[in-house]
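Participant: Got a structure for you, run_1.cif, holding mmCIF, C-alpha atoms.
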data_final
loop_
_atom_site.group_PDB
_atom_site.id
_atom_site.type_symbol
_atom_site.label_atom_id
_atom_site.label_comp_id
_atom_site.auth_asym_id
_atom_site.auth_seq_id
_atom_site.Cartn_x
_atom_site.Cartn_y
_atom_site.Cartn_z
ATOM 1 C CA MET A 1 96.474 228.673 -44.923
ATOM 2 C CA SER A 2 99.485 227.330 -46.773
ATOM 3 C CA GLN A 3 97.386 224.692 -48.492
ATOM 4 C CA PRO A 4 93.656 223.913 -48.899
ATOM 5 C CA GLN A 5 92.060 222.834 -45.647
ATOM 6 C CA ARG A 6 90.914 219.244 -45.692
ATOM 7 C CA ASN A 7 87.216 218.602 -46.210
ATOM 8 C CA THR A 8 86.351 222.234 -47.034
ATOM 9 C CA LEU A 9 84.851 220.945 -50.295
ATOM 10 C CA GLU A 10 83.463 217.669 -49.006
ATOM 11 C CA GLY A 11 80.166 216.948 -50.744
ATOM 12 C CA LYS A 12 81.010 219.270 -53.631
ATOM 13 C CA VAL A 13 81.264 218.091 -57.225
ATOM 14 C CA ALA A 14 83.684 219.583 -59.727
ATOM 15 C CA LEU A 15 84.358 219.117 -63.409
ATOM 16 C CA VAL A 16 87.859 220.002 -64.586
ATOM 17 C CA ALA A 17 87.679 220.005 -68.360
ATOM 18 C CA GLY A 18 91.173 219.512 -69.733
ATOM 19 C CA ALA A 19 92.803 217.876 -66.706
ATOM 20 C CA THR A 20 95.280 215.494 -68.295
ATOM 21 C CA ARG A 21 98.332 217.584 -67.427
ATOM 22 C CA GLY A 22 99.547 221.063 -66.509
ATOM 23 C CA ALA A 23 97.266 223.491 -64.713
ATOM 24 C CA GLY A 24 94.231 221.253 -65.175
ATOM 25 C CA ARG A 25 95.904 218.386 -63.351
ATOM 26 C CA GLY A 26 97.103 220.686 -60.560
ATOM 27 C CA ILE A 27 93.616 222.117 -60.125
ATOM 28 C CA ALA A 28 91.971 218.700 -60.063
ATOM 29 C CA VAL A 29 94.412 217.405 -57.445
ATOM 30 C CA GLU A 30 93.971 220.389 -55.150
ATOM 31 C CA LEU A 31 90.184 220.239 -55.403
ATOM 32 C CA GLY A 32 90.527 216.599 -54.414
ATOM 33 C CA ALA A 33 92.812 217.524 -51.533
ATOM 34 C CA ALA A 34 90.007 219.753 -50.242
ATOM 35 C CA GLY A 35 87.604 216.795 -50.341
ATOM 36 C CA ALA A 36 85.730 217.273 -53.615
ATOM 37 C CA THR A 37 84.558 214.663 -56.081
ATOM 38 C CA VAL A 38 86.309 215.669 -59.295
ATOM 39 C CA TYR A 39 85.407 214.555 -62.796
ATOM 40 C CA VAL A 40 88.471 214.961 -64.983
ATOM 41 C CA THR A 41 88.427 214.958 -68.757
ATOM 42 C CA GLY A 42 90.918 214.876 -71.578
ATOM 43 C CA ARG A 43 91.806 213.077 -74.808
ATOM 44 C CA SER A 44 94.949 211.266 -73.616
ATOM 45 C CA THR A 45 94.069 207.928 -72.062
ATOM 46 C CA ARG A 46 95.917 204.771 -71.156
ATOM 47 C CA ALA A 47 94.436 203.177 -74.271
ATOM 48 C CA LYS A 48 95.097 206.027 -76.699
ATOM 49 C CA ARG A 49 97.255 209.143 -76.732
ATOM 50 C CA SER A 50 96.192 212.439 -78.261
ATOM 51 C CA GLU A 51 98.248 214.149 -80.959
ATOM 52 C CA TYR A 52 100.476 215.490 -78.169
ATOM 53 C CA ASP A 53 101.854 211.963 -77.881
ATOM 54 C CA ARG A 54 102.753 212.495 -74.246
ATOM 55 C CA PRO A 55 102.614 209.943 -71.405
ATOM 56 C CA GLU A 56 100.210 211.768 -69.065
ATOM 57 C CA THR A 57 96.673 210.369 -69.062
ATOM 58 C CA VAL A 58 93.336 211.426 -67.707
ATOM 59 C CA GLU A 59 93.181 208.206 -65.674
ATOM 60 C CA ASP A 60 96.466 209.122 -63.994
ATOM 61 C CA THR A 61 94.990 212.484 -63.002
ATOM 62 C CA ALA A 62 91.934 210.797 -61.480
ATOM 63 C CA ASP A 63 94.192 208.516 -59.448
ATOM 64 C CA LEU A 64 96.123 211.541 -58.165
ATOM 65 C CA VAL A 65 92.869 213.213 -57.125
ATOM 66 C CA THR A 66 91.851 210.146 -55.139
ATOM 67 C CA ALA A 67 95.296 209.842 -53.579
ATOM 68 C CA ALA A 68 95.056 213.488 -52.479
ATOM 69 C CA GLY A 69 91.917 212.735 -50.488
ATOM 70 C CA GLY A 70 89.072 213.354 -52.921
ATOM 71 C CA ARG A 71 87.388 211.128 -55.447
ATOM 72 C CA GLY A 72 88.694 211.286 -58.989
ATOM 73 C CA VAL A 73 86.556 210.130 -61.899
ATOM 74 C CA ALA A 74 88.160 209.972 -65.341
ATOM 75 C CA VAL A 75 85.886 210.509 -68.331
ATOM 76 C CA PRO A 76 87.744 210.598 -71.661
ATOM 77 C CA THR A 77 86.125 213.421 -73.604
ATOM 78 C CA ASP A 78 86.768 215.444 -76.738
ATOM 79 C CA HIS A 79 85.276 218.845 -75.909
ATOM 80 C CA LEU A 80 85.022 219.735 -79.588
ATOM 81 C CA VAL A 81 82.325 217.059 -79.935
ATOM 82 C CA PRO A 82 79.071 218.374 -78.420
ATOM 83 C CA SER A 83 77.543 214.923 -78.074
ATOM 84 C CA GLU A 84 80.486 213.746 -75.936
ATOM 85 C CA VAL A 85 80.198 216.781 -73.669
ATOM 86 C CA GLU A 86 76.432 216.320 -73.415
ATOM 87 C CA ALA A 87 76.963 212.695 -72.392
ATOM 88 C CA LEU A 88 79.590 213.729 -69.834
ATOM 89 C CA VAL A 89 77.243 216.204 -68.164
ATOM 90 C CA ALA A 90 74.379 213.702 -68.254
ATOM 91 C CA ARG A 91 76.609 211.219 -66.447
ATOM 92 C CA ILE A 92 77.502 213.749 -63.742
ATOM 93 C CA ALA A 93 73.804 214.607 -63.326
ATOM 94 C CA ARG A 94 72.895 210.934 -63.107
ATOM 95 C CA GLU A 95 75.649 210.006 -60.647
ATOM 96 C CA GLN A 96 75.799 213.165 -58.514
ATOM 97 C CA GLY A 97 72.685 215.239 -59.197
ATOM 98 C CA ARG A 98 74.712 218.431 -58.979
ATOM 99 C CA LEU A 99 77.738 220.345 -60.242
ATOM 100 C CA ASP A 100 79.332 222.962 -58.005
ATOM 101 C CA VAL A 101 82.531 223.884 -59.853
ATOM 102 C CA LEU A 102 83.285 223.960 -63.568
ATOM 103 C CA VAL A 103 86.882 224.616 -64.624
ATOM 104 C CA ASN A 104 87.277 225.233 -68.352
ATOM 105 C CA ASP A 105 90.967 224.462 -68.877
ATOM 106 C CA ILE A 106 90.824 222.940 -72.355
ATOM 107 C CA TRP A 107 93.743 224.180 -74.433
ATOM 108 C CA GLY A 108 95.790 221.803 -76.570
ATOM 109 C CA GLY A 109 97.581 224.501 -78.553
ATOM 110 C CA GLU A 110 101.248 224.158 -77.605
ATOM 111 C CA THR A 111 102.210 222.607 -80.927
ATOM 112 C CA LEU A 112 100.017 224.922 -83.009
ATOM 113 C CA PHE A 113 101.204 228.490 -82.434
ATOM 114 C CA GLU A 114 104.222 230.126 -84.035
ATOM 115 C CA TRP A 115 106.130 232.726 -82.000
ATOM 116 C CA ASP A 116 106.053 236.263 -83.434
ATOM 117 C CA SER A 117 104.599 235.044 -86.728
ATOM 118 C CA PRO A 118 102.150 237.560 -88.272
ATOM 119 C CA VAL A 119 98.759 236.265 -89.310
ATOM 120 C CA TRP A 120 99.630 236.212 -93.022
ATOM 121 C CA GLU A 121 102.695 234.024 -92.370
ATOM 122 C CA HIS A 122 101.260 231.803 -89.622
ATOM 123 C CA ASP A 123 100.040 228.386 -90.743
ATOM 124 C CA LEU A 124 96.325 229.006 -91.200
ATOM 125 C CA ASP A 125 95.127 225.488 -90.461
ATOM 126 C CA LYS A 126 97.098 225.414 -87.223
ATOM 127 C CA GLY A 127 95.848 228.850 -86.216
ATOM 128 C CA LEU A 128 92.225 227.961 -86.803
ATOM 129 C CA ARG A 129 92.679 224.633 -85.016
ATOM 130 C CA LEU A 130 94.138 226.514 -82.047
ATOM 131 C CA LEU A 131 91.082 228.786 -81.896
ATOM 132 C CA ARG A 132 88.745 225.811 -82.034
ATOM 133 C CA LEU A 133 90.584 224.018 -79.238
ATOM 134 C CA ALA A 134 90.983 227.081 -77.023
ATOM 135 C CA VAL A 135 87.674 228.878 -77.543
ATOM 136 C CA GLU A 136 85.022 226.653 -79.119
ATOM 137 C CA THR A 137 85.610 223.890 -76.549
ATOM 138 C CA HIS A 138 84.926 226.299 -73.683
ATOM 139 C CA ALA A 139 81.680 227.466 -75.264
ATOM 140 C CA ILE A 140 80.484 223.918 -75.901
ATOM 141 C CA THR A 141 81.286 222.862 -72.348
ATOM 142 C CA SER A 142 79.566 225.854 -70.765
ATOM 143 C CA HIS A 143 76.502 225.368 -72.954
ATOM 144 C CA HIS A 144 75.993 221.827 -71.731
ATOM 145 C CA ALA A 145 77.283 222.070 -68.145
ATOM 146 C CA LEU A 146 75.823 225.330 -66.845
ATOM 147 C CA PRO A 147 72.200 224.178 -66.520
ATOM 148 C CA LEU A 148 73.402 221.508 -64.091
ATOM 149 C CA LEU A 149 75.634 223.966 -62.234
ATOM 150 C CA LEU A 150 72.685 226.354 -61.832
ATOM 151 C CA ARG A 151 70.509 223.740 -60.122
ATOM 152 C CA ASN A 152 72.008 224.846 -56.803
ATOM 153 C CA PRO A 153 73.041 228.372 -55.747
ATOM 154 C CA GLY A 154 76.690 229.233 -55.267
ATOM 155 C CA GLY A 155 78.186 227.532 -58.306
ATOM 156 C CA LEU A 156 81.585 228.604 -59.639
ATOM 157 C CA VAL A 157 82.930 228.692 -63.193
ATOM 158 C CA VAL A 158 86.656 229.217 -63.724
ATOM 159 C CA GLU A 159 87.850 230.106 -67.220
ATOM 160 C CA MET A 160 91.557 229.310 -67.414
ATOM 161 C CA THR A 161 93.702 231.536 -69.612
ATOM 162 C CA ASP A 162 97.206 232.982 -69.916
ATOM 163 C CA GLY A 163 97.600 236.552 -68.685
ATOM 164 C CA THR A 164 95.369 238.931 -66.798
ATOM 165 C CA ALA A 165 92.961 241.253 -68.582
ATOM 166 C CA GLU A 166 95.157 244.199 -67.622
ATOM 167 C CA TYR A 167 98.377 242.590 -68.856
ATOM 168 C CA ASN A 168 96.924 241.240 -72.091
ATOM 169 C CA ARG A 169 95.252 244.559 -72.888
ATOM 170 C CA ASP A 170 98.629 246.234 -73.243
ATOM 171 C CA THR A 171 100.830 243.313 -74.311
ATOM 172 C CA TYR A 172 101.011 241.422 -77.609
ATOM 173 C CA ARG A 173 100.906 237.748 -76.688
ATOM 174 C CA VAL A 174 103.016 235.499 -78.932
ATOM 175 C CA SER A 175 101.034 235.717 -82.191
ATOM 176 C CA PHE A 176 97.687 236.775 -83.662
ATOM 177 C CA PHE A 177 96.024 233.422 -82.984
ATOM 178 C CA TYR A 178 97.466 232.953 -79.487
ATOM 179 C CA ASP A 179 96.620 236.523 -78.501
ATOM 180 C CA LEU A 180 93.076 236.160 -79.794
ATOM 181 C CA ALA A 181 92.533 232.840 -78.028
ATOM 182 C CA LYS A 182 93.656 234.031 -74.613
ATOM 183 C CA SER A 183 91.800 237.340 -74.874
ATOM 184 C CA SER A 184 88.638 235.497 -75.920
ATOM 185 C CA VAL A 185 88.699 233.358 -72.794
ATOM 186 C CA LEU A 186 89.093 236.462 -70.635
ATOM 187 C CA ARG A 187 86.020 237.936 -72.294
ATOM 188 C CA MET A 188 84.133 234.666 -71.810
ATOM 189 C CA ALA A 189 84.492 234.994 -68.051
ATOM 190 C CA PHE A 190 83.264 238.589 -68.222
ATOM 191 C CA ALA A 191 80.215 237.574 -70.264
ATOM 192 C CA LEU A 192 79.473 234.563 -68.087
ATOM 193 C CA GLY A 193 79.644 236.811 -65.042
ATOM 194 C CA HIS A 194 76.767 238.842 -66.457
ATOM 195 C CA GLU A 195 74.753 235.732 -67.256
ATOM 196 C CA LEU A 196 75.466 233.750 -64.090
ATOM 197 C CA GLY A 197 75.577 236.476 -61.443
ATOM 198 C CA PRO A 198 71.835 237.203 -61.409
ATOM 199 C CA ARG A 199 71.219 233.454 -61.276
ATOM 200 C CA GLY A 200 73.265 232.866 -58.122
ATOM 201 C CA ALA A 201 76.564 231.673 -59.616
ATOM 202 C CA THR A 202 80.000 233.200 -60.177
ATOM 203 C CA ALA A 203 82.355 233.221 -63.153
ATOM 204 C CA VAL A 204 85.999 234.309 -63.138
ATOM 205 C CA ALA A 205 89.000 234.203 -65.430
ATOM 206 C CA LEU A 206 92.143 232.817 -63.820
ATOM 207 C CA THR A 207 95.731 232.680 -64.989
ATOM 208 C CA PRO A 208 98.725 230.933 -63.469
ATOM 209 C CA GLY A 209 102.114 232.560 -63.761
ATOM 210 C CA TRP A 210 105.063 230.926 -65.495
ATOM 211 C CA LEU A 211 103.969 227.330 -65.084
ATOM 212 C CA ARG A 212 106.319 224.448 -64.415
ATOM 213 C CA SER A 213 104.130 222.071 -66.376
ATOM 214 C CA GLU A 214 105.337 218.677 -67.510
ATOM 215 C CA MET A 215 105.945 220.025 -71.013
ATOM 216 C CA MET A 216 107.799 223.104 -69.781
ATOM 217 C CA LEU A 217 110.100 221.045 -67.579
ATOM 218 C CA ASP A 218 110.799 218.696 -70.471
ATOM 219 C CA ASN A 219 111.532 221.615 -72.794
ATOM 220 C CA PHE A 220 114.128 222.908 -70.340
ATOM 221 C CA GLY A 221 115.582 219.445 -69.714
ATOM 222 C CA VAL A 222 114.878 219.517 -65.969
ATOM 223 C CA THR A 223 112.528 217.932 -63.452
ATOM 224 C CA GLU A 224 110.515 219.421 -60.623
ATOM 225 C CA GLU A 225 113.294 218.353 -58.280
ATOM 226 C CA ASN A 226 116.082 220.232 -60.091
ATOM 227 C CA TRP A 227 114.102 222.903 -61.953
ATOM 228 C CA ARG A 228 116.426 225.667 -60.768
ATOM 229 C CA ASP A 229 119.126 224.248 -63.032
ATOM 230 C CA ALA A 230 117.191 225.853 -65.896
ATOM 231 C CA LEU A 231 117.939 229.333 -64.533
ATOM 232 C CA GLU A 232 121.373 229.283 -66.158
ATOM 233 C CA ARG A 233 119.644 229.132 -69.525
ATOM 234 C CA VAL A 234 116.471 231.116 -68.711
ATOM 235 C CA PRO A 235 117.154 233.308 -65.654
ATOM 236 C CA HIS A 236 113.597 234.686 -65.343
ATOM 237 C CA PHE A 237 112.351 231.119 -64.834
ATOM 238 C CA GLY A 238 113.091 231.784 -61.170
ATOM 239 C CA ILE A 239 109.594 233.274 -60.827
ATOM 240 C CA SER A 240 107.922 230.050 -62.000
ATOM 241 C CA GLU A 241 105.347 228.062 -60.063
ATOM 242 C CA THR A 242 103.964 224.530 -59.929
ATOM 243 C CA PRO A 243 100.526 223.656 -61.338
ATOM 244 C CA PHE A 244 99.384 223.055 -57.774
ATOM 245 C CA TYR A 245 99.689 226.744 -56.929
ATOM 246 C CA VAL A 246 96.880 227.740 -59.286
ATOM 247 C CA GLY A 247 95.100 224.600 -58.109
ATOM 248 C CA ARG A 248 95.114 225.982 -54.584
ATOM 249 C CA ALA A 249 93.751 229.241 -55.974
ATOM 250 C CA VAL A 250 90.754 227.400 -57.428
ATOM 251 C CA ALA A 251 90.223 225.430 -54.219
ATOM 252 C CA ALA A 252 90.265 228.668 -52.217
ATOM 253 C CA LEU A 253 87.722 230.274 -54.541
ATOM 254 C CA ALA A 254 85.480 227.217 -54.404
ATOM 255 C CA ALA A 255 85.509 227.232 -50.588
ATOM 256 C CA ASP A 256 84.887 230.985 -50.251
ATOM 257 C CA PRO A 257 81.278 231.725 -49.213
ATOM 258 C CA ASP A 258 81.804 235.253 -50.548
ATOM 259 C CA VAL A 259 83.201 234.176 -53.921
ATOM 260 C CA ALA A 260 80.589 236.306 -55.719
ATOM 261 C CA ARG A 261 82.746 239.363 -54.953
ATOM 262 C CA TRP A 262 85.004 238.212 -57.814
ATOM 263 C CA ASN A 263 82.226 237.717 -60.365
ATOM 264 C CA GLY A 264 83.361 238.609 -63.889
ATOM 265 C CA ASP A 265 86.861 239.493 -62.705
ATOM 266 C CA SER A 266 90.271 238.539 -64.086
ATOM 267 C CA LEU A 267 92.442 236.927 -61.415
ATOM 268 C CA SER A 268 95.894 235.386 -61.044
ATOM 269 C CA SER A 269 97.321 232.746 -58.756
ATOM 270 C CA GLY A 270 99.737 235.286 -57.279
ATOM 271 C CA ARG A 271 97.019 237.799 -56.498
ATOM 272 C CA LEU A 272 94.756 235.228 -54.875
ATOM 273 C CA ALA A 273 97.615 233.862 -52.774
ATOM 274 C CA GLN A 274 97.886 237.281 -51.144
ATOM 275 C CA VAL A 275 94.140 237.311 -50.407
ATOM 276 C CA TYR A 276 93.614 233.714 -49.274
ATOM 277 C CA GLY A 277 97.026 233.012 -47.761
ATOM 278 C CA PHE A 278 97.909 229.789 -49.588
ATOM 279 C CA THR A 279 101.390 229.029 -50.874
ATOM 280 C CA ASP A 280 102.979 226.922 -53.555
ATOM 281 C CA ARG A 281 104.281 223.529 -52.476
ATOM 282 C CA ASP A 282 107.661 224.992 -51.526
ATOM 283 C CA GLY A 283 106.056 227.560 -49.206
ATOM 284 C CA SER A 284 106.613 230.508 -51.569
ATOM 285 C CA ARG A 285 104.031 232.871 -53.086
ATOM 286 C CA PRO A 286 105.183 233.678 -56.632
ATOM 287 C CA ASP A 287 103.614 236.835 -58.090
ATOM 288 C CA ALA A 288 104.589 236.308 -61.714
ATOM 289 C CA TRP A 289 102.489 238.972 -63.397
ATOM 290 C CA ARG A 290 103.790 241.758 -61.157
ATOM 291 C CA TYR A 291 107.301 240.437 -61.799
ATOM 292 C CA MET A 292 106.704 240.439 -65.561
ATOM 293 C CA VAL A 293 105.701 244.102 -65.542
ATOM 294 C CA GLU A 294 108.242 245.386 -63.042
ATOM 295 C CA VAL A 295 111.277 243.249 -63.913
ATOM 296 C CA GLN A 296 111.198 241.104 -67.045
ATOM 297 C CA ASP A 297 109.366 243.337 -69.521
ATOM 298 C CA VAL A 298 111.442 246.408 -68.681
ATOM 299 C CA GLY A 299 114.717 244.555 -69.164
ATOM 300 C CA GLY A 300 115.604 244.181 -65.510
ATOM 301 C CA ALA A 301 118.108 241.638 -64.242
ATOM 302 C CA ALA A 302 116.488 238.361 -63.288
ATOM 303 C CA ASP A 303 115.855 238.454 -59.552
ATOM 304 C CA ALA A 304 112.703 237.056 -57.975
ATOM 305 C CA THR A 305 113.507 238.521 -54.554
ATOM 306 C CA GLY A 306 110.374 240.162 -53.229
ATOM 307 C CA TYR A 307 108.193 238.467 -55.844
ATOM 308 C CA ARG A 308 107.942 234.984 -54.328
#
Could you render the structure as C-alpha cells?
Facilitator:
Amino acid sequence: MSQPQRNTLEGKVALVAGATRGAGRGIAVELGAAGATVYVTGRSTRAKRSEYDRPETVEDTADLVTAAGGRGVAVPTDHLVPSEVEALVARIAREQGRLDVLVNDIWGGETLFEWDSPVWEHDLDKGLRLLRLAVETHAITSHHALPLLLRNPGGLVVEMTDGTAEYNRDTYRVSFFYDLAKSSVLRMAFALGHELGPRGATAVALTPGWLRSEMMLDNFGVTEENWRDALERVPHFGISETPFYVGRAVAALAADPDVARWNGDSLSSGRLAQVYGFTDRDGSRPDAWRYMVEVQDVGGAADATGYR
C-alpha cells in the first residue's frame, strides 16, 4: 500500500500528544486518513502561542485530521502539568470509553539545545528544561493514559524519538542533554514493552528520518513545494522525508493485527516502509538511517540514489 487504507482504523481512538506541528501533526493526519478519531494536544492554540511563537496550532491539526477523513479533536494541554493530562484522559474516557493508540511525541526542545556544547558549557536551565519537556512529559502522559489504553486488548504506544537504538548507541547526538533525552525515550519504549506486553498491549520507539518539518523548511528558506532548492546549501537533505511518512508508519502499526511482534523494539519510518509497503507522499521510500551510516557519516558524496 502506498498510503494507509481508508477505514482500517474506523472505530479506533488515538491520542497524539504533541501534535501541533512536525511529526506529531503528520501522524495525527495519517491516523485520521485511516479513519480514526484522533485527540490532538499541544500548547500552541489560536488564542495563545507557546514560547515557540510559531503560527501552527493544535486546532489547525484537528481540522487537518477531519479533512483527511477521520475526526480530529483538539485539546490544548501542557503535558508537564499532571492535572491537565489527567483531565485530558478523563475526557477521552468520558467521550469514547476507550483508547487504542497513544503517541508520545511531546518535544519542544528546538530552541533549548546547543550544538556540540559540552555539559559544563551548555546553558543549564535550558538543558534541564529540555529534559523536562522531552522525558518528564512522556512519563506523565503514560502514567495517566495507559490504564485507559489497557481497558481493551491490542493497544499500541508509540514513543517518538530521534535515532534508532542501534544508531544512538554508537553516535553522539548533538549535545549531552539532547543525547540523554533521545536515549531516554528509546529506553522508555523498551521498559513499556515489558510492562504492557503481558497485559495485551504493545510499545515501540519510532524515529523519522531527516524530517521536512515546518521549522526545518523555514530554517532552510524553502517550502514543501521547492524543498530541493535547499540541496545546494545542504546536499544530504536529499534523503529527507515529510512528516506524513512517519505518520503512515504509525497508521500501519496501528492497523497490524500482529503488531505485538514489534513490542519493545526500536523502529524507523524507512524500515517500516519496507515491511508494510507504504510510501511518502511523493511515492518514494526514504531510508534515512541507512543513508546516514553508509553515506553521510563516512564522508560520502551526497547521493540518495538507492536510499529513497
Participant: Could you tell me which of A:Gly109, A:Pro198, A:Gly247, A:Gly299 comes closest to Val65 in chain A if we count only C-alpha atoms?
Facilitator: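 Under the stated criterion, the closest residue is A:Gly247.
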Participant: Using the chain letters and numbers from this file, what does the PyMOL selection byres ((chain A and resi 256-264) around 10) select? Give the answer as an MDAnalysis selection string.
Facilitator: chainID A and resid 8 154:158 186:197 200:205 250:255 265:267 276
Participant: Give me the result of the PyMOL selection byres ((chain A and resi 87) around 12) on this file, residue by residue, as number ranges by chain.
Facilitator: A: 75-79, 81-86, 88-94, 141, 144-145
Participant: Can you write out the residues you just picked, keeping C-alpha atoms, as a PDB file, in the coordinates of the input?
Facilitator:
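Writing the result to out-v1.pdb gives the following:
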ATOM      1  CA  VAL A  75      85.886 210.509 -68.331  1.00  0.00           C
ATOM      2  CA  PRO A  76      87.744 210.598 -71.661  1.00  0.00           C
ATOM      3  CA  THR A  77      86.125 213.421 -73.604  1.00  0.00           C
ATOM      4  CA  ASP A  78      86.768 215.444 -76.738  1.00  0.00           C
ATOM      5  CA  HIS A  79      85.276 218.845 -75.909  1.00  0.00           C
ATOM      6  CA  VAL A  81      82.325 217.059 -79.935  1.00  0.00           C
ATOM      7  CA  PRO A  82      79.071 218.374 -78.420  1.00  0.00           C
ATOM      8  CA  SER A  83      77.543 214.923 -78.074  1.00  0.00           C
ATOM      9  CA  GLU A  84      80.486 213.746 -75.936  1.00  0.00           C
ATOM     10  CA  VAL A  85      80.198 216.781 -73.669  1.00  0.00           C
ATOM     11  CA  GLU A  86      76.432 216.320 -73.415  1.00  0.00           C
ATOM     12  CA  LEU A  88      79.590 213.729 -69.834  1.00  0.00           C
ATOM     13  CA  VAL A  89      77.243 216.204 -68.164  1.00  0.00           C
ATOM     14  CA  ALA A  90      74.379 213.702 -68.254  1.00  0.00           C
ATOM     15  CA  ARG A  91      76.609 211.219 -66.447  1.00  0.00           C
ATOM     16  CA  ILE A  92      77.502 213.749 -63.742  1.00  0.00           C
ATOM     17  CA  ALA A  93      73.804 214.607 -63.326  1.00  0.00           C
ATOM     18  CA  ARG A  94      72.895 210.934 -63.107  1.00  0.00           C
ATOM     19  CA  THR A 141      81.286 222.862 -72.348  1.00  0.00           C
ATOM     20  CA  HIS A 144      75.993 221.827 -71.731  1.00  0.00           C
ATOM     21  CA  ALA A 145      77.283 222.070 -68.145  1.00  0.00           C
TER      22      ALA A 145
END
Participant: Show which residues sit within 12 Å of Arg43 in chain A, as number ranges by chain. Count all atoms listed in the file, and ignore same-chain residues fewer than 6 positions away.
Facilitator: A: 17-21, 49-59, 74-81, 84, 106-108, 133
Participant: Pull out every residue that the PyMOL selection byres ((chain A and resi 119) around 12) matches in the shown coordinates and put them as a PyMOL selection string.
Facilitator: chain A and resi 113-118+120-128+174-180
Participant: Around the point (101.5, 229.8, -59.9) in the file's coordinates, collect all residues with an atom within 6 Å, using all atoms listed in the file, and return them as an mmCIF file with C-alpha atoms, in the coordinates of the input.
Facilitator:
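What follows is the written file out-v3.cif:
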data_model
loop_
_atom_site.group_PDB
_atom_site.id
_atom_site.type_symbol
_atom_site.label_atom_id
_atom_site.label_comp_id
_atom_site.auth_asym_id
_atom_site.auth_seq_id
_atom_site.Cartn_x
_atom_site.Cartn_y
_atom_site.Cartn_z
ATOM 1 C CA PRO A 208 98.725 230.933 -63.469
ATOM 2 C CA GLY A 209 102.114 232.560 -63.761
ATOM 3 C CA GLU A 241 105.347 228.062 -60.063
ATOM 4 C CA THR A 242 103.964 224.530 -59.929
ATOM 5 C CA TYR A 245 99.689 226.744 -56.929
ATOM 6 C CA VAL A 246 96.880 227.740 -59.286
ATOM 7 C CA SER A 269 97.321 232.746 -58.756
#
Participant: Determine the nearest neighbour of Ser142 in chain A from the options A:Leu206, A:Val40, A:Ala34, A:Leu15, counting all atoms listed in the file.
Facilitator: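 Looking at the shortest contact to Ser142 in chain A, the residue is A:Leu15.
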Participant: Kindly output range 82-93 of chain A as a tab-separated table (two decimals), in the frame of the given file, after building N, CA and C atoms.
Facilitator:
chain	number	residue	atom	x	y	z
A	82	PRO	N	80.17	218.06	-79.35
A	82	PRO	CA	79.07	218.37	-78.42
A	82	PRO	C	78.39	217.16	-77.82
A	83	SER	N	78.22	216.11	-78.60
A	83	SER	CA	77.54	214.92	-78.07
A	83	SER	C	78.33	214.27	-76.95
A	84	GLU	N	79.67	214.32	-77.02
A	84	GLU	CA	80.49	213.75	-75.94
A	84	GLU	C	80.37	214.59	-74.67
A	85	VAL	N	80.33	215.90	-74.83
A	85	VAL	CA	80.20	216.78	-73.67
A	85	VAL	C	78.81	216.63	-73.05
A	86	GLU	N	77.80	216.53	-73.90
A	86	GLU	CA	76.43	216.32	-73.42
A	86	GLU	C	76.34	215.02	-72.61
A	87	ALA	N	76.98	213.98	-73.10
A	87	ALA	CA	76.96	212.70	-72.39
A	87	ALA	C	77.72	212.79	-71.07
A	88	LEU	N	78.82	213.52	-71.06
A	88	LEU	CA	79.59	213.73	-69.83
A	88	LEU	C	78.74	214.39	-68.76
A	89	VAL	N	78.06	215.47	-69.13
A	89	VAL	CA	77.24	216.20	-68.16
A	89	VAL	C	76.06	215.35	-67.71
A	90	ALA	N	75.48	214.60	-68.63
A	90	ALA	CA	74.38	213.70	-68.25
A	90	ALA	C	74.85	212.67	-67.24
A	91	ARG	N	76.07	212.19	-67.41
A	91	ARG	CA	76.61	211.22	-66.45
A	91	ARG	C	76.78	211.86	-65.07
A	92	ILE	N	77.33	213.07	-65.03
A	92	ILE	CA	77.50	213.75	-63.74
A	92	ILE	C	76.15	213.97	-63.08
A	93	ALA	N	75.15	214.39	-63.87
A	93	ALA	CA	73.80	214.61	-63.33
A	93	ALA	C	73.22	213.31	-62.78
